[in-house]
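Shown here: structure_2.csv, CSV, C-alpha atoms.
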```csv
chain,number,residue,atom,x,y,z
A,1416,GLU,CA,-18.3,19.4,-21.1
A,1417,LEU,CA,-15.4,18.4,-18.7
A,1418,MET,CA,-16.7,14.8,-18.7
A,1419,GLU,CA,-16.8,14.7,-22.5
A,1420,ASP,CA,-13.2,16.0,-22.6
A,1421,ASN,CA,-12.1,13.3,-20.3
A,1422,ILE,CA,-13.8,10.6,-22.3
A,1423,MET,CA,-12.2,11.9,-25.5
A,1424,GLN,CA,-8.7,12.3,-24.1
A,1425,ALA,CA,-8.5,9.0,-22.1
A,1426,GLU,CA,-6.2,6.3,-23.5
A,1427,PRO,CA,-5.5,2.8,-22.3
A,1428,ILE,CA,-2.3,2.4,-20.3
A,1429,ARG,CA,0.3,0.1,-21.9
A,1430,GLY,CA,3.1,-2.1,-20.6
A,1431,ARG,CA,3.8,-5.0,-18.2
A,1432,CYS,CA,2.0,-3.2,-15.4
A,1433,VAL,CA,-1.3,-4.2,-17.1
A,1434,TRP,CA,-2.1,-7.7,-15.8
A,1435,THR,CA,-4.7,-10.0,-14.3
A,1436,GLY,CA,-4.0,-12.1,-11.3
A,1437,ALA,CA,-4.1,-15.3,-13.5
A,1438,GLU,CA,-1.6,-13.8,-15.9
A,1439,LEU,CA,0.7,-12.7,-13.1
A,1440,GLU,CA,0.6,-16.1,-11.4
A,1441,ALA,CA,1.2,-17.9,-14.7
A,1442,ALA,CA,4.2,-15.7,-15.6
A,1443,GLY,CA,5.7,-15.8,-12.1
A,1444,ASP,CA,8.0,-13.0,-13.0
A,1445,TRP,CA,7.1,-10.9,-10.0
A,1446,LEU,CA,8.7,-13.5,-7.7
A,1447,ARG,CA,12.3,-13.3,-6.5
A,1448,THR,CA,14.4,-15.4,-4.1
A,1449,TRP,CA,17.0,-14.1,-1.7
A,1450,PRO,CA,20.5,-14.9,-3.1
A,1451,ALA,CA,22.1,-17.3,-0.6
A,1452,GLU,CA,25.4,-15.3,-0.7
A,1453,SER,CA,23.6,-12.3,0.8
A,1454,PHE,CA,23.0,-13.8,4.3
A,1455,PRO,CA,26.6,-13.5,5.6
A,1456,ALA,CA,26.6,-9.8,4.7
A,1457,ILE,CA,23.3,-9.3,6.4
A,1458,ASP,CA,24.5,-11.1,9.5
A,1459,ALA,CA,27.7,-9.0,9.5
A,1460,ALA,CA,25.7,-5.8,9.2
A,1461,LEU,CA,23.4,-6.9,12.0
A,1462,ALA,CA,26.3,-7.7,14.3
A,1463,ARG,CA,27.9,-4.3,13.5
A,1464,ASP,CA,24.7,-2.4,14.3
A,1465,LYS,CA,24.3,-4.2,17.7
A,1466,THR,CA,27.5,-2.6,18.8
A,1467,SER,CA,27.0,0.8,17.1
A,1468,GLY,CA,25.0,2.4,19.9
A,1469,LYS,CA,22.6,3.8,17.4
A,1470,GLY,CA,18.8,3.6,17.6
A,1471,LEU,CA,17.0,1.6,15.0
A,1472,THR,CA,15.6,4.5,13.0
A,1473,ASP,CA,19.0,6.3,13.1
A,1474,LEU,CA,20.6,3.6,11.0
A,1475,THR,CA,21.4,4.5,7.4
A,1476,ALA,CA,22.4,2.4,4.4
A,1477,ALA,CA,26.0,3.1,5.3
A,1478,ASP,CA,25.4,1.7,8.8
A,1479,PHE,CA,24.0,-1.5,7.2
A,1480,PRO,CA,26.3,-2.2,4.3
A,1481,LEU,CA,25.1,-4.7,1.7
A,1482,PRO,CA,27.4,-4.0,-1.3
A,1483,GLY,CA,26.7,-7.4,-3.0
A,1484,LEU,CA,23.0,-6.6,-3.2
A,1485,LYS,CA,23.3,-3.3,-5.1
A,1486,ASP,CA,22.3,-4.7,-8.5
A,1487,TYR,CA,19.7,-6.9,-6.9
A,1488,PHE,CA,18.0,-4.0,-5.3
A,1489,ALA,CA,18.2,-1.9,-8.5
A,1490,ASP,CA,16.5,-4.7,-10.4
A,1491,VAL,CA,13.7,-4.8,-7.8
A,1492,LEU,CA,13.2,-1.0,-8.0
A,1493,ALA,CA,13.1,-1.2,-11.8
A,1494,GLU,CA,10.5,-3.9,-11.7
A,1495,LEU,CA,8.4,-1.8,-9.3
A,1496,GLU,CA,8.5,1.4,-11.4
A,1497,ASP,CA,8.6,0.1,-15.0
A,1498,GLY,CA,7.6,-3.5,-14.8
A,1499,ARG,CA,4.8,-5.4,-12.9
A,1500,GLY,CA,4.7,-2.9,-10.0
A,1501,ALA,CA,4.8,-5.8,-7.6
A,1502,VAL,CA,7.7,-7.9,-6.3
A,1503,ARG,CA,7.6,-10.8,-3.7
A,1504,ILE,CA,11.0,-11.9,-2.4
A,1505,THR,CA,10.9,-15.3,-0.7
A,1506,GLY,CA,13.2,-17.4,1.4
A,1507,PHE,CA,14.4,-15.1,4.2
A,1508,PRO,CA,15.2,-17.5,7.1
A,1509,VAL,CA,13.2,-15.7,9.8
A,1510,GLU,CA,13.6,-18.6,12.2
A,1511,ARG,CA,17.3,-17.8,12.7
A,1512,TYR,CA,16.5,-14.4,14.3
A,1513,GLU,CA,14.8,-12.7,17.2
A,1514,GLU,CA,12.0,-10.3,16.3
A,1515,ASP,CA,14.0,-7.2,17.3
A,1516,GLU,CA,16.8,-8.5,14.9
A,1517,LEU,CA,14.3,-8.9,12.1
A,1518,ARG,CA,13.2,-5.3,12.7
A,1519,THR,CA,16.7,-4.1,12.3
A,1520,ILE,CA,17.3,-6.2,9.2
A,1521,PHE,CA,14.1,-5.0,7.6
A,1522,TRP,CA,14.9,-1.4,8.4
A,1523,GLY,CA,18.4,-1.9,7.0
A,1524,ILE,CA,17.2,-3.4,3.8
A,1525,GLY,CA,14.6,-0.6,3.5
A,1526,GLN,CA,17.4,1.9,3.6
A,1527,HIS,CA,18.9,0.4,0.4
A,1528,LEU,CA,15.6,0.6,-1.4
A,1529,GLY,CA,14.4,4.1,-0.5
A,1530,THR,CA,13.7,6.5,2.4
A,1531,PRO,CA,11.1,5.5,5.0
A,1532,VAL,CA,8.3,8.0,5.6
A,1533,ASN,CA,6.0,8.3,8.5
A,1534,GLN,CA,2.8,6.2,8.5
A,1535,THR,CA,1.0,8.4,11.1
A,1536,ALA,CA,1.3,11.9,12.6
A,1537,PHE,CA,2.6,10.3,15.8
A,1538,GLY,CA,5.9,9.1,14.6
A,1539,GLU,CA,5.1,5.5,13.4
A,1540,ILE,CA,7.7,4.9,10.8
A,1541,LEU,CA,8.2,1.1,11.2
A,1542,GLY,CA,4.8,-0.3,11.5
A,1543,GLU,CA,3.5,-3.6,12.7
A,1544,VAL,CA,0.4,-5.1,11.2
A,1545,ARG,CA,-1.0,-7.5,13.8
A,1546,ASP,CA,-4.4,-8.1,15.6
A,1547,GLU,CA,-4.8,-5.5,18.3
A,1548,SER,CA,-8.6,-6.0,18.8
A,1549,HIS,CA,-8.6,-9.1,21.1
A,1550,ASP,CA,-12.4,-8.8,21.5
A,1551,ASP,CA,-13.8,-12.1,20.3
A,1552,GLY,CA,-15.0,-11.0,16.9
A,1553,ARG,CA,-16.9,-7.7,17.7
A,1554,VAL,CA,-14.5,-5.6,15.6
A,1555,THR,CA,-14.5,-8.3,12.9
A,1556,GLN,CA,-18.3,-8.0,12.7
A,1557,GLN,CA,-18.0,-4.2,12.5
A,1558,LEU,CA,-15.5,-4.6,9.7
A,1559,ALA,CA,-17.9,-6.7,7.8
A,1560,GLU,CA,-20.5,-3.9,8.2
A,1561,HIS,CA,-17.9,-1.1,7.6
A,1562,ARG,CA,-19.4,0.7,10.7
A,1563,THR,CA,-18.6,1.3,14.3
A,1564,GLY,CA,-21.1,1.3,17.2
A,1565,SER,CA,-21.7,5.0,16.8
A,1566,ASP,CA,-22.6,4.5,13.1
A,1567,LYS,CA,-19.3,6.2,12.0
A,1568,VAL,CA,-17.2,4.6,9.3
A,1569,LEU,CA,-14.6,2.3,10.9
A,1570,ALA,CA,-11.1,3.8,10.4
A,1571,SER,CA,-8.7,2.1,8.0
A,1572,ARG,CA,-6.1,1.8,10.9
A,1573,ALA,CA,-8.6,-0.1,13.0
A,1574,ARG,CA,-9.3,-2.5,10.1
A,1575,ALA,CA,-5.6,-3.1,9.6
A,1576,ARG,CA,-5.1,-3.9,13.3
A,1577,SER,CA,-7.8,-6.5,13.4
A,1578,THR,CA,-8.2,-10.0,11.9
A,1579,GLY,CA,-10.8,-8.7,9.5
A,1580,PRO,CA,-10.5,-8.4,5.7
A,1581,LEU,CA,-9.1,-5.2,4.1
A,1582,ARG,CA,-10.7,-3.7,1.0
A,1583,PHE,CA,-8.5,-2.8,-1.9
A,1584,HIS,CA,-6.7,0.5,-1.4
A,1585,THR,CA,-3.4,2.3,-1.8
A,1586,ASP,CA,-1.2,3.8,0.9
A,1587,ARG,CA,0.4,7.3,1.0
A,1588,CYS,CA,3.8,6.3,-0.3
A,1589,ASP,CA,5.5,5.3,-3.5
A,1590,VAL,CA,6.3,1.8,-2.3
A,1591,ILE,CA,4.7,-0.2,0.5
A,1592,THR,CA,6.9,-3.0,1.9
A,1593,LEU,CA,5.6,-5.8,4.1
A,1594,PHE,CA,7.8,-8.4,5.8
A,1595,CYS,CA,6.0,-11.5,7.0
A,1596,VAL,CA,7.6,-12.4,10.4
A,1597,ALA,CA,5.0,-14.9,11.4
A,1598,ASN,CA,1.6,-16.3,10.2
A,1599,GLY,CA,-1.6,-17.1,12.0
A,1600,ILE,CA,-3.4,-20.4,11.6
A,1601,ASP,CA,-5.6,-19.5,8.6
A,1602,GLY,CA,-6.3,-16.7,6.1
A,1603,GLY,CA,-4.7,-13.4,5.7
A,1604,VAL,CA,-4.1,-14.0,2.0
A,1605,SER,CA,-2.7,-11.0,0.1
A,1606,LYS,CA,-4.9,-9.7,-2.7
A,1607,LEU,CA,-3.2,-7.6,-5.5
A,1608,ALA,CA,-4.8,-5.9,-8.5
A,1609,SER,CA,-3.3,-4.0,-11.4
A,1610,ILE,CA,-4.5,-0.4,-11.4
A,1611,PRO,CA,-3.7,0.0,-15.1
A,1612,TYR,CA,-5.8,-3.1,-15.9
A,1613,ILE,CA,-8.7,-1.7,-13.9
A,1614,HIS,CA,-8.4,1.7,-15.5
A,1615,ASN,CA,-8.4,0.2,-19.0
A,1616,THR,CA,-11.3,-2.2,-18.3
A,1617,ILE,CA,-13.5,0.6,-16.9
A,1618,LEU,CA,-12.6,2.8,-19.8
A,1619,GLN,CA,-13.7,0.1,-22.2
A,1620,ARG,CA,-16.9,-1.0,-20.3
A,1621,ARG,CA,-18.1,2.3,-19.0
A,1622,PRO,CA,-16.3,5.4,-20.3
A,1623,ASP,CA,-18.9,7.6,-18.6
A,1624,LEU,CA,-17.9,6.2,-15.2
A,1625,HIS,CA,-14.2,6.2,-16.1
A,1626,ALA,CA,-14.6,10.0,-16.7
A,1627,LEU,CA,-15.9,10.4,-13.2
A,1628,LEU,CA,-13.0,8.6,-11.7
A,1629,MET,CA,-10.7,11.0,-13.5
A,1630,GLN,CA,-12.4,13.8,-11.5
A,1631,ASP,CA,-12.3,14.8,-7.9
A,1632,TYR,CA,-13.6,12.7,-5.0
A,1633,TRP,CA,-13.4,14.0,-1.5
A,1634,ARG,CA,-11.4,12.1,1.1
A,1635,SER,CA,-10.8,12.4,4.8
A,1636,ARG,CA,-7.6,12.9,6.7
A,1637,PRO,CA,-8.5,10.6,9.6
A,1638,ALA,CA,-7.4,11.8,13.1
A,1639,ASP,CA,-6.0,8.4,14.1
A,1640,GLU,CA,-3.5,8.8,11.2
A,1641,ASP,CA,-3.1,12.5,10.6
A,1642,GLY,CA,-3.9,13.9,14.0
A,1643,GLU,CA,-6.1,17.0,14.3
A,1644,THR,CA,-5.6,19.0,11.1
A,1645,LEU,CA,-7.1,22.2,9.8
A,1646,ASP,CA,-7.8,20.5,6.4
A,1647,ASN,CA,-9.3,17.2,7.5
A,1648,VAL,CA,-10.6,16.6,3.9
A,1649,PHE,CA,-9.1,17.0,0.5
A,1650,ALA,CA,-10.2,16.4,-3.1
A,1651,LEU,CA,-8.3,14.3,-5.7
A,1652,PRO,CA,-9.2,12.1,-8.7
A,1653,VAL,CA,-9.1,8.4,-8.2
A,1654,PHE,CA,-7.1,8.0,-11.5
A,1655,GLY,CA,-4.5,10.4,-12.7
A,1656,VAL,CA,-2.2,10.1,-15.7
A,1657,ARG,CA,1.0,11.9,-16.6
A,1658,ASP,CA,3.5,11.1,-19.4
A,1659,GLY,CA,1.6,7.8,-20.1
A,1660,LYS,CA,2.0,6.6,-16.5
A,1661,ILE,CA,-0.9,6.2,-14.1
A,1662,THR,CA,-1.3,6.9,-10.4
A,1663,SER,CA,-4.2,6.2,-8.1
A,1664,GLN,CA,-5.1,7.3,-4.6
A,1665,TYR,CA,-7.9,5.0,-3.6
A,1666,SER,CA,-9.5,4.1,-0.3
A,1667,ARG,CA,-13.3,3.7,-0.2
A,1668,THR,CA,-13.0,4.2,3.6
A,1669,TYR,CA,-11.6,7.7,3.3
A,1670,VAL,CA,-14.3,8.6,0.8
A,1671,GLU,CA,-17.0,7.3,3.1
A,1672,GLN,CA,-15.4,9.2,6.1
A,1673,ALA,CA,-15.3,12.4,4.1
A,1674,GLN,CA,-19.1,12.2,3.7
A,1675,GLU,CA,-19.4,12.6,7.5
A,1676,THR,CA,-18.1,16.2,7.0
A,1677,SER,CA,-21.1,18.4,6.5
A,1678,ASP,CA,-19.6,20.8,3.9
A,1679,VAL,CA,-18.3,18.1,1.6
A,1680,PRO,CA,-20.4,17.6,-1.5
A,1681,ARG,CA,-22.6,14.5,-1.3
A,1682,LEU,CA,-21.6,11.6,-3.5
A,1683,THR,CA,-23.8,11.2,-6.5
A,1684,ASP,CA,-25.3,7.8,-7.5
A,1685,ALA,CA,-23.1,7.8,-10.5
A,1686,GLN,CA,-19.9,8.4,-8.4
A,1687,ASN,CA,-20.9,5.5,-6.1
A,1688,GLU,CA,-21.6,3.4,-9.2
A,1689,ALA,CA,-18.1,4.2,-10.5
A,1690,LEU,CA,-16.5,3.1,-7.2
A,1691,ASP,CA,-18.6,0.0,-7.1
A,1692,LEU,CA,-17.4,-0.9,-10.6
A,1693,LEU,CA,-13.8,-0.3,-9.6
A,1694,ALA,CA,-14.1,-2.7,-6.7
A,1695,GLU,CA,-15.9,-5.2,-8.9
A,1696,VAL,CA,-13.1,-5.2,-11.5
A,1697,ALA,CA,-10.4,-5.3,-8.9
A,1698,GLU,CA,-12.0,-8.4,-7.3
A,1699,GLU,CA,-12.6,-10.3,-10.5
A,1700,SER,CA,-9.0,-9.6,-11.8
A,1701,CYS,CA,-6.9,-9.8,-8.6
A,1702,LEU,CA,-4.2,-12.2,-7.6
A,1703,HIS,CA,-4.6,-14.1,-4.3
A,1704,SER,CA,-1.1,-14.9,-2.9
A,1705,ALA,CA,-0.6,-16.2,0.6
A,1706,PHE,CA,2.3,-15.0,2.6
A,1707,ALA,CA,4.9,-17.4,4.0
A,1708,PRO,CA,7.2,-16.4,6.9
A,1709,GLY,CA,10.2,-14.7,5.5
A,1710,ASP,CA,8.4,-13.2,2.5
A,1711,ILE,CA,9.0,-9.5,1.7
A,1712,GLN,CA,6.3,-8.0,-0.6
A,1713,LEU,CA,7.0,-4.6,-2.3
A,1714,LEU,CA,4.2,-2.8,-4.2
A,1715,ASN,CA,4.2,0.4,-6.2
A,1716,ASN,CA,1.2,2.2,-4.9
A,1717,HIS,CA,0.7,4.1,-8.1
A,1718,VAL,CA,0.3,0.8,-10.0
A,1719,VAL,CA,-1.1,-1.9,-7.6
A,1720,TYR,CA,-4.1,-1.9,-5.3
A,1721,HIS,CA,-3.8,-4.3,-2.3
A,1722,GLY,CA,-6.1,-5.9,0.2
A,1723,ARG,CA,-6.3,-9.1,2.2
A,1724,THR,CA,-8.7,-11.8,3.3
A,1725,ALA,CA,-9.7,-12.2,7.0
A,1726,TYR,CA,-7.4,-14.3,9.1
A,1727,ALA,CA,-7.3,-16.3,12.4
A,1728,ASP,CA,-4.7,-16.4,15.1
A,1729,ASP,CA,-4.2,-19.0,17.8
A,1730,ARG,CA,-2.8,-17.1,20.8
A,1731,SER,CA,-2.8,-20.2,23.0
A,1732,SER,CA,-0.2,-21.8,20.8
A,1733,GLY,CA,1.6,-18.6,20.0
A,1734,GLN,CA,0.7,-18.8,16.3
A,1735,VAL,CA,0.0,-15.2,15.7
A,1736,ARG,CA,0.3,-13.2,12.5
A,1737,CYS,CA,2.8,-10.3,12.3
A,1738,LEU,CA,3.8,-8.3,9.3
A,1739,LEU,CA,6.4,-5.5,9.6
A,1740,ARG,CA,5.6,-2.5,7.3
A,1741,LEU,CA,7.7,0.3,5.7
A,1742,TRP,CA,6.4,3.1,3.6
A,1743,LEU,CA,9.2,4.1,1.2
A,1744,SER,CA,9.8,7.1,-1.0
A,1745,VAL,CA,12.1,5.9,-3.8
A,1746,GLU,CA,14.5,7.8,-6.2
A,1747,ASN,CA,13.1,6.2,-9.4
A,1748,SER,CA,9.5,7.3,-8.8
A,1749,ARG,CA,7.3,8.7,-11.5
A,1750,ALA,CA,6.1,12.3,-12.0
A,1751,LEU,CA,2.6,12.9,-10.7
A,1752,PRO,CA,-0.1,15.0,-12.3
A,1753,GLU,CA,-0.5,18.7,-11.4
A,1754,GLY,CA,-2.6,19.1,-8.2
A,1755,TYR,CA,-1.4,15.9,-6.5
A,1756,GLU,CA,0.8,18.0,-4.1
A,1757,VAL,CA,-2.3,18.1,-1.8
A,1758,LEU,CA,-1.5,14.5,-0.8
A,1759,TRP,CA,2.0,13.9,-1.9
A,1760,GLY,CA,3.8,17.2,-1.1
A,1761,SER,CA,5.6,17.0,-4.4
A,1762,THR,CA,4.8,15.8,-7.9
A,1763,LYS,CA,8.4,15.7,-9.1
A,1764,PRO,CA,9.9,12.4,-10.1
A,1765,GLY,CA,12.3,11.0,-7.6
A,1766,ALA,CA,11.3,13.6,-4.9
A,1767,LEU,CA,11.2,12.7,-1.2
A,1768,ARG,CA,7.4,12.6,-0.9
A,1769,GLY,CA,4.4,10.9,0.7
A,1770,GLY,CA,3.9,9.8,4.3
A,1771,VAL,CA,2.1,11.8,7.0
A,1772,GLY,CA,3.2,15.1,8.4
A,1773,GLN,CA,4.2,15.0,12.0
A,1774,ALA,CA,2.0,16.5,14.8
A,1775,GLY,CA,3.4,19.8,16.1
A,1776,ARG,CA,5.8,20.2,13.2
```
Show me, as structure tokens, the structure contained in the file I just sent.
Amino acid sequence: ELMEDNIMQAEPIRGRCVWTGAELEAAGDWLRTWPAESFPAIDAALARDKTSGKGLTDLTAADFPLPGLKDYFADVLAELEDGRGAVRITGFPVERYEEDELRTIFWGIGQHLGTPVNQTAFGEILGEVRDESHDDGRVTQQLAEHRTGSDKVLASRARARSTGPLRFHTDRCDVITLFCVANGIDGGVSKLASIPYIHNTILQRRPDLHALLMQDYWRSRPADEDGETLDNVFALPVFGVRDGKITSQYSRTYVEQAQETSDVPRLTDAQNEALDLLAEVAEESCLHSAFAPGDIQLLNNHVVYHGRTAYADDRSSGQVRCLLRLWLSVENSRALPEGYEVLWGSTKPGALRGGVGQAGR
């Protein structure tokens, strides 16, 4: 009966957030360039912070003033919430700065866009996405098989810190922001897919499977991200809609990990079929967009799934891929459906929410 109700009540999502990769690439309206006049202000803010005596994560927007970019940032945030859900800003001259300076600049810019939230229970708030495996491909092979040597599902964090591909997923924040500091020698292409398009397509093709995705799936709270918690699993629908706006919390890895907990209900064949179809539609409709050094990519996690292709570094030449990452809570965020507090902490629009609770707090 509940499934029939969901089928009857479901409606397509409307707006510019519904796109295919081909449409987004042809329109090009998700792309921005840094205004040339912004760089003197960024340099002045950087010089000021070098003498402030403050630690990086103590810096606020007032400590890194960029008054000329107020309208620019407001336009970016509007595009993320009410437009495409994705923005790529190009043209930042990374070659002019040391890596620690780039970290300060990225943090300062982030302060003008939202509030950074923790990415792990252990205080990681400005992350680095780079290869930490250094093991001649063993982890990459495990990634391809989605398994570790102990036959446990390989954690998302381990996947991100390797050269392997990443499946489509969302992160636990309103907006994920990635800053390409340096590229490897090949691959690492960003893959973006419109959640509303996927929602609408599954609703049209298989309303029975769409109804399942509107119901609870169990996920894990992995120890390498959340620490040791009393509630190491939680249940949430893959798709949720409130006031005509969609949200999605999706990571196949977390669903697979939850199946290793004995008291979690076993996934049905139909539930797995629904997740397979979601991945299929995401793959067939996604945008492939390679990073260039200096690119900053911002994604609304309620609207866009992201992944990447495998990549290769050349450590002998120093050509090593490095992305800086911020998870942001933003003031113009959408209201979330009732029950989503289990992951987000708050469902109120504009609330400080998301991220990972801190160990011992």
Subject >> Length of the CA of Leu1593 in chain A to CA of Arg1463 in chain A vector [Å] >> reply: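 Distance reported for this atom pair: 24.2 Å.
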**OP:** Select, counting all atoms listed in the file, all protein, DNA and RNA residues no farther than 10 Å from (-1.9, -6.3, -12.9) in file coordinates, and express the selection as a ChimeraX atom specification.
**Re:** /A:1431-1439,1499-1501,1607-1613,1697,1700-1702,1718-1720
Selection file, C-alpha atoms, as an mmCIF file, in the frame of the given file:
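Printed below is result.cif as written:
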```
data_model
loop_
_atom_site.group_PDB
_atom_site.id
_atom_site.type_symbol
_atom_site.label_atom_id
_atom_site.label_comp_id
_atom_site.auth_asym_id
_atom_site.auth_seq_id
_atom_site.Cartn_x
_atom_site.Cartn_y
_atom_site.Cartn_z
ATOM 1 C CA ARG A 1431 3.800 -5.000 -18.200
ATOM 2 C CA CYS A 1432 2.000 -3.200 -15.400
ATOM 3 C CA VAL A 1433 -1.300 -4.200 -17.100
ATOM 4 C CA TRP A 1434 -2.100 -7.700 -15.800
ATOM 5 C CA THR A 1435 -4.700 -10.000 -14.300
ATOM 6 C CA GLY A 1436 -4.000 -12.100 -11.300
ATOM 7 C CA ALA A 1437 -4.100 -15.300 -13.500
ATOM 8 C CA GLU A 1438 -1.600 -13.800 -15.900
ATOM 9 C CA LEU A 1439 0.700 -12.700 -13.100
ATOM 10 C CA ARG A 1499 4.800 -5.400 -12.900
ATOM 11 C CA GLY A 1500 4.700 -2.900 -10.000
ATOM 12 C CA ALA A 1501 4.800 -5.800 -7.600
ATOM 13 C CA LEU A 1607 -3.200 -7.600 -5.500
ATOM 14 C CA ALA A 1608 -4.800 -5.900 -8.500
ATOM 15 C CA SER A 1609 -3.300 -4.000 -11.400
ATOM 16 C CA ILE A 1610 -4.500 -0.400 -11.400
ATOM 17 C CA PRO A 1611 -3.700 0.000 -15.100
ATOM 18 C CA TYR A 1612 -5.800 -3.100 -15.900
ATOM 19 C CA ILE A 1613 -8.700 -1.700 -13.900
ATOM 20 C CA ALA A 1697 -10.400 -5.300 -8.900
ATOM 21 C CA SER A 1700 -9.000 -9.600 -11.800
ATOM 22 C CA CYS A 1701 -6.900 -9.800 -8.600
ATOM 23 C CA LEU A 1702 -4.200 -12.200 -7.600
ATOM 24 C CA VAL A 1718 0.300 0.800 -10.000
ATOM 25 C CA VAL A 1719 -1.100 -1.900 -7.600
ATOM 26 C CA TYR A 1720 -4.100 -1.900 -5.300
#
```
**OP:** Quote the spacing between CA of Thr1662 in chain A and CA of Leu1751 in chain A in Å to one decimal place.
**Re:** 7.2 Å
Subject >> Among the residues A:Ala1725, A:Ala1462, A:Leu1739, A:Val1757, the one that comes closest to Gly1599 in chain A [using only C-alpha atoms] >> reply: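 For Gly1599 in chain A, the nearest of the candidates is A:Ala1725.
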Original post:
What is the distance, in Å and to one decimal place, between CA of Ile1540 in chain A and CA of Gly1770 in chain A?
Top reply: 9.0 Å
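Counting all atoms listed in the file and comparing A:Trp1449, A:Trp1759, A:Phe1706, A:Trp1742, the residue that lies closest to Leu1541 in chain A is A:Trp1742.
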Show me the residues close to (7.6, -9.9, 9.2) - anything with an atom within 6 Å, counting all atoms listed in the file - and format the list as a PDB file with C-alpha atoms, keeping the file's coordinate frame.
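Output (result_20.pdb):
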```
ATOM      1  CA  PHE A1594       7.800  -8.400   5.800  1.00  0.00           C
ATOM      2  CA  CYS A1595       6.000 -11.500   7.000  1.00  0.00           C
ATOM      3  CA  VAL A1596       7.600 -12.400  10.400  1.00  0.00           C
ATOM      4  CA  CYS A1737       2.800 -10.300  12.300  1.00  0.00           C
ATOM      5  CA  LEU A1738       3.800  -8.300   9.300  1.00  0.00           C
ATOM      6  CA  LEU A1739       6.400  -5.500   9.600  1.00  0.00           C
TER       7      LEU A1739
END
```
Please provide as a PDB file with C-alpha atoms, keeping the file's coordinate frame all residues within 10 Å of Gly1470 in chain A, with the sequence filter that same-chain residues fewer than 5 positions apart are discarded (counting all atoms listed in the file).
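part-v5.pdb was written with the following content:
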```
ATOM      1  CA  ASP A1464      24.700  -2.400  14.300  1.00  0.00           C
ATOM      2  CA  LYS A1465      24.300  -4.200  17.700  1.00  0.00           C
ATOM      3  CA  THR A1519      16.700  -4.100  12.300  1.00  0.00           C
TER       4      THR A1519
END
```
Original post:
Which residues come within 12 Å of Ala1597 in chain A, counting only C-alpha atoms, excluding same-chain residues fewer than 4 positions away, as number ranges by chain?
Top reply: A: 1507-1510, 1512-1514, 1517, 1543-1545, 1593, 1601, 1603, 1706-1711, 1728-1729, 1733-1739
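With distances taken over all atoms listed in the file, A:Thr1530 is the one residue among A:Thr1668, A:Thr1530, A:Ser1453, A:Asn1716 lying closest to Thr1475 in chain A.
Contact shell of range 1621-1633 of chain A at 8 Å (only C-alpha atoms; same-chain neighbours under 3 positions omitted): Met1418, Glu1419, Asn1421, Ile1422, His1614, Ile1617, Leu1618, Val1648, Phe1649, Ala1650, Leu1651, Pro1652, Val1653, Phe1654, Gly1655, Val1670, Ala1673, Gln1674, Val1679, Pro1680, Ala1685, Gln1686, Glu1688, Ala1689 and Leu1690 of chain A.
Neighbouring residues of range 1486-1488 of chain A at 9 Å or closer, counting all atoms listed in the file and skipping chain neighbours under 5 positions away, are Pro1450, Ala1493, His1527 and Leu1528 of chain A.
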Original post:
Between A:Ile1524, A:Thr1616, A:Leu1758, A:Asp1589, which has the minimum distance to Ser1635 in chain A (counting all atoms listed in the file)?
Top reply: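 Counting all atoms listed in the file, the residue closest to Ser1635 in chain A is A:Leu1758.
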Subject >> Long-range neighbours of Ala1460 in chain A as a list in words, 9 Å cut-off, all atoms listed in the file, 2 positions minimum in chain >> reply: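 Listed by chain and then number, they are Pro1455, Ala1456, Ile1457, Asp1458, Ala1462, Arg1463, Asp1464, Lys1465, Asp1478, Phe1479, Pro1480, Leu1481, Ile1520 and Gly1523 of chain A.
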